[in-house]
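A.B. asks: There's a structure below that I have some questions on.
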Amino acid sequence: MKNKLLQEIFDSFEVGQLDDYKKSMLPFLLANKDKIHDFIRSFEEQNGKQSLETLIKFFILTYNMPFDMKGYLDGQSRAIEQDIGPQIDKFEERNKLVSKWIKTKAANYRSHTILIQIACFDLMKKEILPVIGKILDFCERQNPS
């Protein structure tokens with residue numbers, strides 16, 4: 001039986017609720033191709049040869065970067081708004097609640113986002129891996145070890 005959170009992610013993926021992740025994945029990976037290339041070299045020096053799928057998942061997890069920072073921050077703002085509510089009119093009180101949310105919940109929100117990204121990658125790997133493989137092969141030819 002699958003983890004409940006993963007099942008929710010897979011269900012959300014199927015009905016299009018994760019389209020922003022799908023759209024931003026390849027541009028993110030392409031924009032970070034040099035970092036990915038360096039990460040793979042370093043990782044394999046320490047841990048031996050791994051599949052590209054595994055290496056990309058480890059990259060996403062290790063670098064802990066949202067595919068789309070604007071979308072990530074918009075989602076975080078909505079999560080804060082949902083938790084603290086819009087009814088607080090006093091700027092100082094609202095500011096304290098937002099600050100507290102960031103201190104207590106931001107790391108969990110980021111971890112959840114990264115898990116969704118890895119799950120989306122897993123669901124799209126057949127489309128993504130050939131493209132990334134070709135790009136990384138090109139990087140290797142340009143910058144051999």
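Labels for the structure tokens follow display order: chains A, B, ..., residues from 1 in each chain, ligands from 1.
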Write out as a PyMOL selection string the residues lying within 12 Å of A:Lys22, counting only C-alpha atoms and excluding same-chain residues fewer than 3 positions away.
C.D. replies: chain A and resi 12-14+16-19+25-29+67-68+116-125+127-128
A.B. asks: With a distance cut-off of 10 Å and only C-alpha atoms, select the neighbouring residues of A:Asn64, excluding the residue or stretch itself and same-chain residues fewer than 4 positions from it, and output the selection as a list in words.
C.D. replies: Phe58, Phe59, Ile60, Arg110, Ser111, Thr113, Ile114, Leu115 and Gln117 of chain A
A.B. asks: For a quick check of understanding, using only C-alpha atoms, which of A:Ile36, A:Met69, A:Ile84, A:Ala31 has the smallest distance to A:Lys57?
C.D. replies: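 Of A:Ile36, A:Met69, A:Ile84, A:Ala31, the one nearest A:Lys57 is A:Ile36, counting only C-alpha atoms.
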A.B. asks: I want to know what sits within 8 Å of stretch 129-132 of chain A, based on only C-alpha atoms, with residues of the same chain fewer than 3 positions away left out; could you give that as a ChimeraX atom specification?
C.D. replies: /A:29-30,52-53,125-126,135-136
A.B. asks: Store the residues picked out above, limited to C-alpha atoms, as a compact mmCIF listing (two decimals), in the first residue's frame.
C.D. replies:
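After the write, result39.txt holds the following:
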# COMPACT_ATOMS: atom_id res chain seq x y z
CA LEU A 29 16.79 21.13 -14.89
CA LEU A 30 18.14 22.77 -18.04
CA LEU A 52 20.60 9.03 -14.06
CA GLU A 53 17.13 8.74 -12.50
CA LYS A 125 10.97 10.49 -16.02
CA LYS A 126 10.34 8.67 -19.31
CA ILE A 135 22.28 17.65 -22.29
CA LEU A 136 24.60 16.07 -19.72
A.B. asks: Work out how far atom CA of A:Phe138 is from atom CA of A:Arg41, in Å to one decimal.
C.D. replies: 14.2 Å
